[in-house]
Amino acid sequence: MKLWFSKEQIVKVNHLLAELTRSNQYTESLKLFTQIHSSHTLRPDNYTLSTTITASANSRHVTFGNQLHAHAIRTGLKSHSHVSNSLLSLYAKSQDLASVQRAFAEIQYPDAYSWTTLLSACTRLGHVHYALQLFDQMSHSNVAIWNAIITGCTDNGHEDVAFHLFLDMHKMGVKPDNYTFASILSLCSVELLDYGRHVHSVVIKSGFLARTSVINSLITMYFNCGCDVDACQVFEEAEAALCDHVTYNAMIDGLVSMDRSEDAFMMFRDMQKGCFNLTELTFVSVLSSCSSLRVGCQAQAQAIKLGFDAYVAVNNATMTMYSSFGEVIEARNIFERMEDRDLVSWNIMISMFFQENLNEAAMLTYLKMRRAGYEPDEFTYGSLLAALDSLQVVEMIHSLLSKNGLMKVEVLNALISAYCRHRKLKWAFQIFSDLSYKNLISWNSIISGFLINGCPQQGLEQFSALLNTHLKPNAYSLSLILSICSSTATMSHGKQVH
């Protein structure tokens with residue numbers, strides 16, 4: 001229906017345009033602008049134009065955005081900062097750095113938003129060094145500009161640069177805000193836990209514990225560092241009004257990672273009672289951690305009720321849950337009902353069939369996966385290595401892994417175990433020795449290999465070497481070494497392990 005406006009209605013029209021854009025009705029926004037533009041009684045102003053450019057940017061309608069750019073130049077509306085900045089965002093979201101640079105060059109007096117948009121566009125497209133050069137040319141008094149360059153370095157793997165920038169920011173007297181703290185805390189791994197605790201203390205002194213994003217970042221940092229007690233303390237001390245669905249998701253995911261499945265499910269219940277929006281991540285975390293089939297079925301029922309059974313990741317987590325309880329038929333039914341599948345879906349089914357000794361079904365699923373156009377990854381090969389008995393197949397998979405560069409520690413651990421089973425201990429130990437990073441499974445695999453191949457002394461030596469690392473032996477490690485001690489009658493070592 002054609003809309004007719006008088007000139008005095010421009011404010012109301014702009015309000016309607018803004019409402020359409022805020023509610024993600026971008027096509028309707030662009031249609032409305034076209035009607036305004038074609039009206040003989042109404043002339044778009046700078047607010048009309050900037051809102052419509054935003055709609056074009058969010059809908060990735062670059063052609064329409066280019067026309068708006070031309071209109072902005074022709075009418076002189078480009079001189080308004082929010083119009084020129086909206087154009088920057090348009091080209092940044094379309095990942096067109098050359099157009100971003102041209103649009104920026106047209107701005108006579110760029111403000112902080114202009115600079116941050118330019119920096120963010122550069123780093124998002126991987127031009128970090130160019131962004132750093134630009135950063136050196138601009139005023140360093142605005143925290144938003146620091147946040148843009150720190151976040152850009154963080155997202156592109158330049159953690160050291162991000163840390164140095166954070167220190168420089170402090171030296172120059174620019175106070176960090178919640179976005180700064182969130183970026184820096186995301187970098188604090190186990191090795192930088194002490195620094196993370198220092199940032200936590202700065203957060204408290206600065207009063208930013210009243211910001212939800214900072215609370216969420218602290219919880220995530222502590223869980224990533226294995227400090228579940230500290231993470232739970234941050235959560236418990238936070239005011240209830242400051243916790244959102246991201247907070248609860250961080251808690252559930254963190255508790256799952258620490259094998260505290262019952263606590264994770266209780267947190268899920270609290271999240272429901274608090275009327276927080278349950279998300280895809282919520283169900284993926286909860287379904288991955290169910291300690292009983294009954295609890296898993298309850299979580300699945302809730303996911304179906306809320307429509308999350310249409311999400312691939314949720315279906316994958318549900319299949320994983322059923323496979324962990326040996327419910328092959330239930331897992332298979334979900335897989336067959338899925339309209340969309342990814343490589344993870346296929347890997348779950350292949351792994352489950354092998355675990356249940358249904359090797360023929362596993363190989364048929366693998367062949368179907370290949371016919372569907374999916375290339376195996378390290379997890380696919382790991383499942384094959386763990387189950388197949390042919391040394392020739394193991395050697396073939398080893399060759400494929402080397403050829404395709406799939407040399408992650410998880411699949412190399414499976415390769416070590418496979419060679420050990422086939423009494424190729426020399427090959428297994430060579431792979432183990434060449435590992436740049438050895439996790440506990442790597443050590444257990446080679447110690448087990450020495451044990452089953454009648455080389456207990458070498459197994460004992462590797463256990464001693466394990467004790468000199470930062471890793472802690474688990475129950476399986478200790479059972480292996482006790483078996484070695486019993487096979488060699490090494491009572492003194494067995495008593496030490498005890």
# chains A, B, ... in the order shown; residues from 1 in each chain; ligands from 1
>>> residues_around(residues="A:Val411", least_positions_apart="3", cutoff="6 Å", atoms="only C-alpha atoms", output="ChimeraX atom specification")
/A:378,382,408,414
>>> write_last_selection(atoms="C-alpha atoms", output="compact mmCIF listing (two decimals), in the first residue's frame")
# COMPACT_ATOMS: atom_id res chain seq x y z
CA GLU A 378 41.31 -36.39 12.92
CA GLY A 382 40.86 -41.66 15.58
CA LYS A 408 46.64 -33.12 16.20
CA ALA A 414 45.15 -43.08 18.69
>>> select_by_dssp(residues="stretch 183-249 of chain A", states="helix (DSSP H, G or I)", output="PyMOL selection string")
chain A and resi 183-185+190-206+208-210+212-224+228-237+240-242+245-249
>>> closest_residue(among="A:Pro456, A:Gly207, A:Pro110, A:Gly274", to="A:Ala240", atoms="only C-alpha atoms")
A:Gly274
>>> atom_distance(atom1="atom CA of A:Ala387", atom2="atom CA of A:Asn316")
21.6 Å
>>> residues_around(residues="stretch 193-202 of chain A", least_positions_apart="5", cutoff="12 Å", atoms="only C-alpha atoms", output="PyMOL selection string")
chain A and resi 163+166-167+170+175-178+180-188+207-209+214-215+217-227+230-231+234
>>> write_last_selection(atoms="N, CA and C atoms", output="short mmCIF file (atom, residue, chain, number, x, y, z; two decimals), in the first residue's frame")
data_model
loop_
_atom_site.label_atom_id
_atom_site.label_comp_id
_atom_site.auth_asym_id
_atom_site.auth_seq_id
_atom_site.Cartn_x
_atom_site.Cartn_y
_atom_site.Cartn_z
N PHE A 163 48.67 -7.62 25.33
CA PHE A 163 49.12 -7.38 26.71
C PHE A 163 49.96 -6.11 26.82
N PHE A 166 47.79 -3.11 26.64
CA PHE A 166 47.08 -2.92 27.90
C PHE A 166 47.98 -2.22 28.92
N LEU A 167 49.26 -2.61 28.96
CA LEU A 167 50.21 -1.96 29.88
C LEU A 167 50.47 -0.51 29.45
N HIS A 170 47.70 1.72 30.51
CA HIS A 170 47.79 2.06 31.93
C HIS A 170 48.83 3.16 32.16
N LYS A 175 41.97 5.04 31.46
CA LYS A 175 41.32 4.04 32.32
C LYS A 175 40.59 2.99 31.49
N PRO A 176 40.86 1.70 31.76
CA PRO A 176 40.15 0.65 31.04
C PRO A 176 38.67 0.60 31.43
N ASP A 177 37.85 0.09 30.54
CA ASP A 177 36.43 -0.09 30.87
C ASP A 177 36.10 -1.58 30.83
N ASN A 178 34.83 -1.93 30.89
CA ASN A 178 34.43 -3.34 30.94
C ASN A 178 34.84 -4.11 29.69
N THR A 180 37.56 -3.51 27.86
CA THR A 180 39.00 -3.74 27.97
C THR A 180 39.27 -4.94 28.86
N PHE A 181 38.65 -4.95 30.05
CA PHE A 181 38.87 -6.05 30.99
C PHE A 181 38.42 -7.38 30.41
N ALA A 182 37.28 -7.39 29.70
CA ALA A 182 36.78 -8.63 29.11
C ALA A 182 37.78 -9.19 28.09
N SER A 183 38.38 -8.32 27.28
CA SER A 183 39.36 -8.76 26.28
C SER A 183 40.61 -9.33 26.93
N ILE A 184 41.14 -8.63 27.94
CA ILE A 184 42.38 -9.07 28.59
C ILE A 184 42.16 -10.35 29.37
N LEU A 185 41.05 -10.46 30.07
CA LEU A 185 40.77 -11.68 30.85
C LEU A 185 40.65 -12.90 29.94
N SER A 186 40.16 -12.69 28.72
CA SER A 186 40.01 -13.82 27.79
C SER A 186 41.36 -14.40 27.38
N LEU A 187 42.45 -13.65 27.60
CA LEU A 187 43.79 -14.10 27.22
C LEU A 187 44.50 -14.86 28.34
N CYS A 188 43.96 -14.80 29.53
CA CYS A 188 44.67 -15.34 30.70
C CYS A 188 44.47 -16.85 30.80
N GLY A 207 35.78 -0.89 40.34
CA GLY A 207 34.32 -0.93 40.43
C GLY A 207 33.63 -1.60 39.26
N PHE A 208 34.38 -2.36 38.43
CA PHE A 208 33.78 -2.96 37.25
C PHE A 208 33.18 -4.35 37.49
N LEU A 209 33.18 -4.78 38.76
CA LEU A 209 32.48 -6.02 39.07
C LEU A 209 30.97 -5.82 38.99
N VAL A 214 32.10 -8.33 32.52
CA VAL A 214 33.34 -8.59 33.27
C VAL A 214 33.17 -9.82 34.16
N ILE A 215 32.00 -9.94 34.81
CA ILE A 215 31.72 -11.13 35.63
C ILE A 215 31.82 -12.39 34.76
N SER A 217 33.47 -12.82 32.00
CA SER A 217 34.85 -13.05 31.58
C SER A 217 35.68 -13.65 32.72
N LEU A 218 35.45 -13.20 33.95
CA LEU A 218 36.16 -13.75 35.10
C LEU A 218 35.80 -15.22 35.31
N ILE A 219 34.51 -15.54 35.23
CA ILE A 219 34.06 -16.93 35.39
C ILE A 219 34.72 -17.82 34.34
N THR A 220 34.69 -17.36 33.09
CA THR A 220 35.27 -18.14 31.99
C THR A 220 36.77 -18.32 32.18
N MET A 221 37.47 -17.25 32.60
CA MET A 221 38.91 -17.34 32.79
C MET A 221 39.26 -18.37 33.85
N TYR A 222 38.57 -18.32 34.99
CA TYR A 222 38.89 -19.24 36.08
C TYR A 222 38.60 -20.69 35.69
N PHE A 223 37.51 -20.93 34.98
CA PHE A 223 37.23 -22.30 34.54
C PHE A 223 38.27 -22.76 33.54
N ASN A 224 38.67 -21.88 32.61
CA ASN A 224 39.70 -22.24 31.63
C ASN A 224 41.02 -22.59 32.29
N CYS A 225 41.26 -22.01 33.47
CA CYS A 225 42.50 -22.28 34.21
C CYS A 225 42.33 -23.43 35.20
N GLY A 226 41.15 -24.06 35.19
CA GLY A 226 40.91 -25.18 36.09
C GLY A 226 40.59 -24.78 37.51
N CYS A 227 40.29 -23.51 37.74
CA CYS A 227 40.01 -23.00 39.10
C CYS A 227 38.50 -22.87 39.29
N ASP A 230 37.25 -20.74 42.36
CA ASP A 230 37.29 -19.29 42.14
C ASP A 230 36.14 -18.84 41.23
N ALA A 231 35.87 -19.64 40.18
CA ALA A 231 34.78 -19.29 39.26
C ALA A 231 33.44 -19.27 39.99
N VAL A 234 33.12 -16.18 42.19
CA VAL A 234 32.75 -14.98 41.42
C VAL A 234 31.24 -14.99 41.17
#
>>> decode(residues="stretch 30-61 of chain A", atoms="N, CA and C atoms", output="PDB file, in the first residue's frame")
ATOM      1  N   LEU A  30      14.200  -0.703   3.939  1.00  0.00           N
ATOM      2  CA  LEU A  30      14.651  -0.242   2.629  1.00  0.00           C
ATOM      3  C   LEU A  30      13.464   0.146   1.748  1.00  0.00           C
ATOM      4  N   LYS A  31      12.367  -0.616   1.852  1.00  0.00           N
ATOM      5  CA  LYS A  31      11.154  -0.264   1.097  1.00  0.00           C
ATOM      6  C   LYS A  31      10.602   1.082   1.540  1.00  0.00           C
ATOM      7  N   LEU A  32      10.601   1.300   2.861  1.00  0.00           N
ATOM      8  CA  LEU A  32      10.085   2.559   3.395  1.00  0.00           C
ATOM      9  C   LEU A  32      10.937   3.734   2.917  1.00  0.00           C
ATOM     10  N   PHE A  33      12.261   3.554   2.909  1.00  0.00           N
ATOM     11  CA  PHE A  33      13.124   4.638   2.431  1.00  0.00           C
ATOM     12  C   PHE A  33      12.835   4.958   0.960  1.00  0.00           C
ATOM     13  N   THR A  34      12.626   3.903   0.159  1.00  0.00           N
ATOM     14  CA  THR A  34      12.324   4.108  -1.263  1.00  0.00           C
ATOM     15  C   THR A  34      11.056   4.942  -1.429  1.00  0.00           C
ATOM     16  N   GLN A  35      10.036   4.678  -0.589  1.00  0.00           N
ATOM     17  CA  GLN A  35       8.790   5.440  -0.650  1.00  0.00           C
ATOM     18  C   GLN A  35       9.012   6.893  -0.219  1.00  0.00           C
ATOM     19  N   ILE A  36       9.830   7.066   0.827  1.00  0.00           N
ATOM     20  CA  ILE A  36      10.136   8.435   1.290  1.00  0.00           C
ATOM     21  C   ILE A  36      10.861   9.197   0.188  1.00  0.00           C
ATOM     22  N   HIS A  37      11.854   8.532  -0.409  1.00  0.00           N
ATOM     23  CA  HIS A  37      12.679   9.178  -1.430  1.00  0.00           C
ATOM     24  C   HIS A  37      11.859   9.563  -2.663  1.00  0.00           C
ATOM     25  N   SER A  38      10.870   8.730  -2.990  1.00  0.00           N
ATOM     26  CA  SER A  38      10.057   9.013  -4.181  1.00  0.00           C
ATOM     27  C   SER A  38       8.908   9.983  -3.900  1.00  0.00           C
ATOM     28  N   SER A  39       8.737  10.328  -2.599  1.00  0.00           N
ATOM     29  CA  SER A  39       7.662  11.258  -2.240  1.00  0.00           C
ATOM     30  C   SER A  39       8.025  12.675  -2.703  1.00  0.00           C
ATOM     31  N   HIS A  40       7.030  13.415  -3.219  1.00  0.00           N
ATOM     32  CA  HIS A  40       7.255  14.794  -3.649  1.00  0.00           C
ATOM     33  C   HIS A  40       7.096  15.777  -2.496  1.00  0.00           C
ATOM     34  N   THR A  41       6.609  15.276  -1.363  1.00  0.00           N
ATOM     35  CA  THR A  41       6.350  16.175  -0.234  1.00  0.00           C
ATOM     36  C   THR A  41       7.301  15.945   0.929  1.00  0.00           C
ATOM     37  N   LEU A  42       8.230  15.028   0.760  1.00  0.00           N
ATOM     38  CA  LEU A  42       9.097  14.650   1.878  1.00  0.00           C
ATOM     39  C   LEU A  42      10.529  14.489   1.397  1.00  0.00           C
ATOM     40  N   ARG A  43      11.463  15.035   2.172  1.00  0.00           N
ATOM     41  CA  ARG A  43      12.877  14.921   1.806  1.00  0.00           C
ATOM     42  C   ARG A  43      13.628  14.199   2.931  1.00  0.00           C
ATOM     43  N   PRO A  44      14.336  13.072   2.634  1.00  0.00           N
ATOM     44  CA  PRO A  44      15.099  12.367   3.669  1.00  0.00           C
ATOM     45  C   PRO A  44      16.146  13.285   4.287  1.00  0.00           C
ATOM     46  N   ASP A  45      16.279  13.226   5.607  1.00  0.00           N
ATOM     47  CA  ASP A  45      17.325  14.013   6.257  1.00  0.00           C
ATOM     48  C   ASP A  45      18.469  13.081   6.678  1.00  0.00           C
ATOM     49  N   ASN A  46      19.429  13.630   7.456  1.00  0.00           N
ATOM     50  CA  ASN A  46      20.598  12.834   7.834  1.00  0.00           C
ATOM     51  C   ASN A  46      20.235  11.621   8.693  1.00  0.00           C
ATOM     52  N   TYR A  47      19.181  11.739   9.535  1.00  0.00           N
ATOM     53  CA  TYR A  47      18.769  10.600  10.370  1.00  0.00           C
ATOM     54  C   TYR A  47      18.116   9.507   9.510  1.00  0.00           C
ATOM     55  N   THR A  48      17.313   9.938   8.541  1.00  0.00           N
ATOM     56  CA  THR A  48      16.700   8.979   7.609  1.00  0.00           C
ATOM     57  C   THR A  48      17.788   8.172   6.914  1.00  0.00           C
ATOM     58  N   LEU A  49      18.788   8.900   6.438  1.00  0.00           N
ATOM     59  CA  LEU A  49      19.830   8.264   5.643  1.00  0.00           C
ATOM     60  C   LEU A  49      20.705   7.332   6.485  1.00  0.00           C
ATOM     61  N   SER A  50      21.139   7.771   7.668  1.00  0.00           N
ATOM     62  CA  SER A  50      22.020   6.938   8.496  1.00  0.00           C
ATOM     63  C   SER A  50      21.316   5.658   8.942  1.00  0.00           C
ATOM     64  N   THR A  51      20.009   5.760   9.264  1.00  0.00           N
ATOM     65  CA  THR A  51      19.249   4.579   9.671  1.00  0.00           C
ATOM     66  C   THR A  51      19.121   3.597   8.513  1.00  0.00           C
ATOM     67  N   THR A  52      18.873   4.105   7.326  1.00  0.00           N
ATOM     68  CA  THR A  52      18.715   3.234   6.150  1.00  0.00           C
ATOM     69  C   THR A  52      20.051   2.587   5.776  1.00  0.00           C
ATOM     70  N   ILE A  53      21.138   3.336   5.919  1.00  0.00           N
ATOM     71  CA  ILE A  53      22.468   2.759   5.658  1.00  0.00           C
ATOM     72  C   ILE A  53      22.733   1.618   6.641  1.00  0.00           C
ATOM     73  N   THR A  54      22.335   1.813   7.904  1.00  0.00           N
ATOM     74  CA  THR A  54      22.494   0.756   8.911  1.00  0.00           C
ATOM     75  C   THR A  54      21.705  -0.491   8.522  1.00  0.00           C
ATOM     76  N   ALA A  55      20.479  -0.297   8.032  1.00  0.00           N
ATOM     77  CA  ALA A  55      19.659  -1.427   7.565  1.00  0.00           C
ATOM     78  C   ALA A  55      20.346  -2.147   6.400  1.00  0.00           C
ATOM     79  N   SER A  56      20.930  -1.369   5.484  1.00  0.00           N
ATOM     80  CA  SER A  56      21.651  -1.961   4.350  1.00  0.00           C
ATOM     81  C   SER A  56      22.855  -2.762   4.827  1.00  0.00           C
ATOM     82  N   ALA A  57      23.576  -2.190   5.815  1.00  0.00           N
ATOM     83  CA  ALA A  57      24.769  -2.859   6.349  1.00  0.00           C
ATOM     84  C   ALA A  57      24.402  -4.173   7.022  1.00  0.00           C
ATOM     85  N   ASN A  58      23.356  -4.139   7.850  1.00  0.00           N
ATOM     86  CA  ASN A  58      22.962  -5.336   8.603  1.00  0.00           C
ATOM     87  C   ASN A  58      22.389  -6.426   7.706  1.00  0.00           C
ATOM     88  N   SER A  59      21.785  -6.018   6.589  1.00  0.00           N
ATOM     89  CA  SER A  59      21.231  -7.007   5.644  1.00  0.00           C
ATOM     90  C   SER A  59      22.245  -7.373   4.559  1.00  0.00           C
ATOM     91  N   ARG A  60      23.450  -6.791   4.639  1.00  0.00           N
ATOM     92  CA  ARG A  60      24.525  -7.012   3.668  1.00  0.00           C
ATOM     93  C   ARG A  60      24.070  -6.650   2.240  1.00  0.00           C
ATOM     94  N   HIS A  61      23.197  -5.659   2.142  1.00  0.00           N
ATOM     95  CA  HIS A  61      22.697  -5.192   0.836  1.00  0.00           C
ATOM     96  C   HIS A  61      23.610  -4.062   0.368  1.00  0.00           C
TER      97      HIS A  61
END
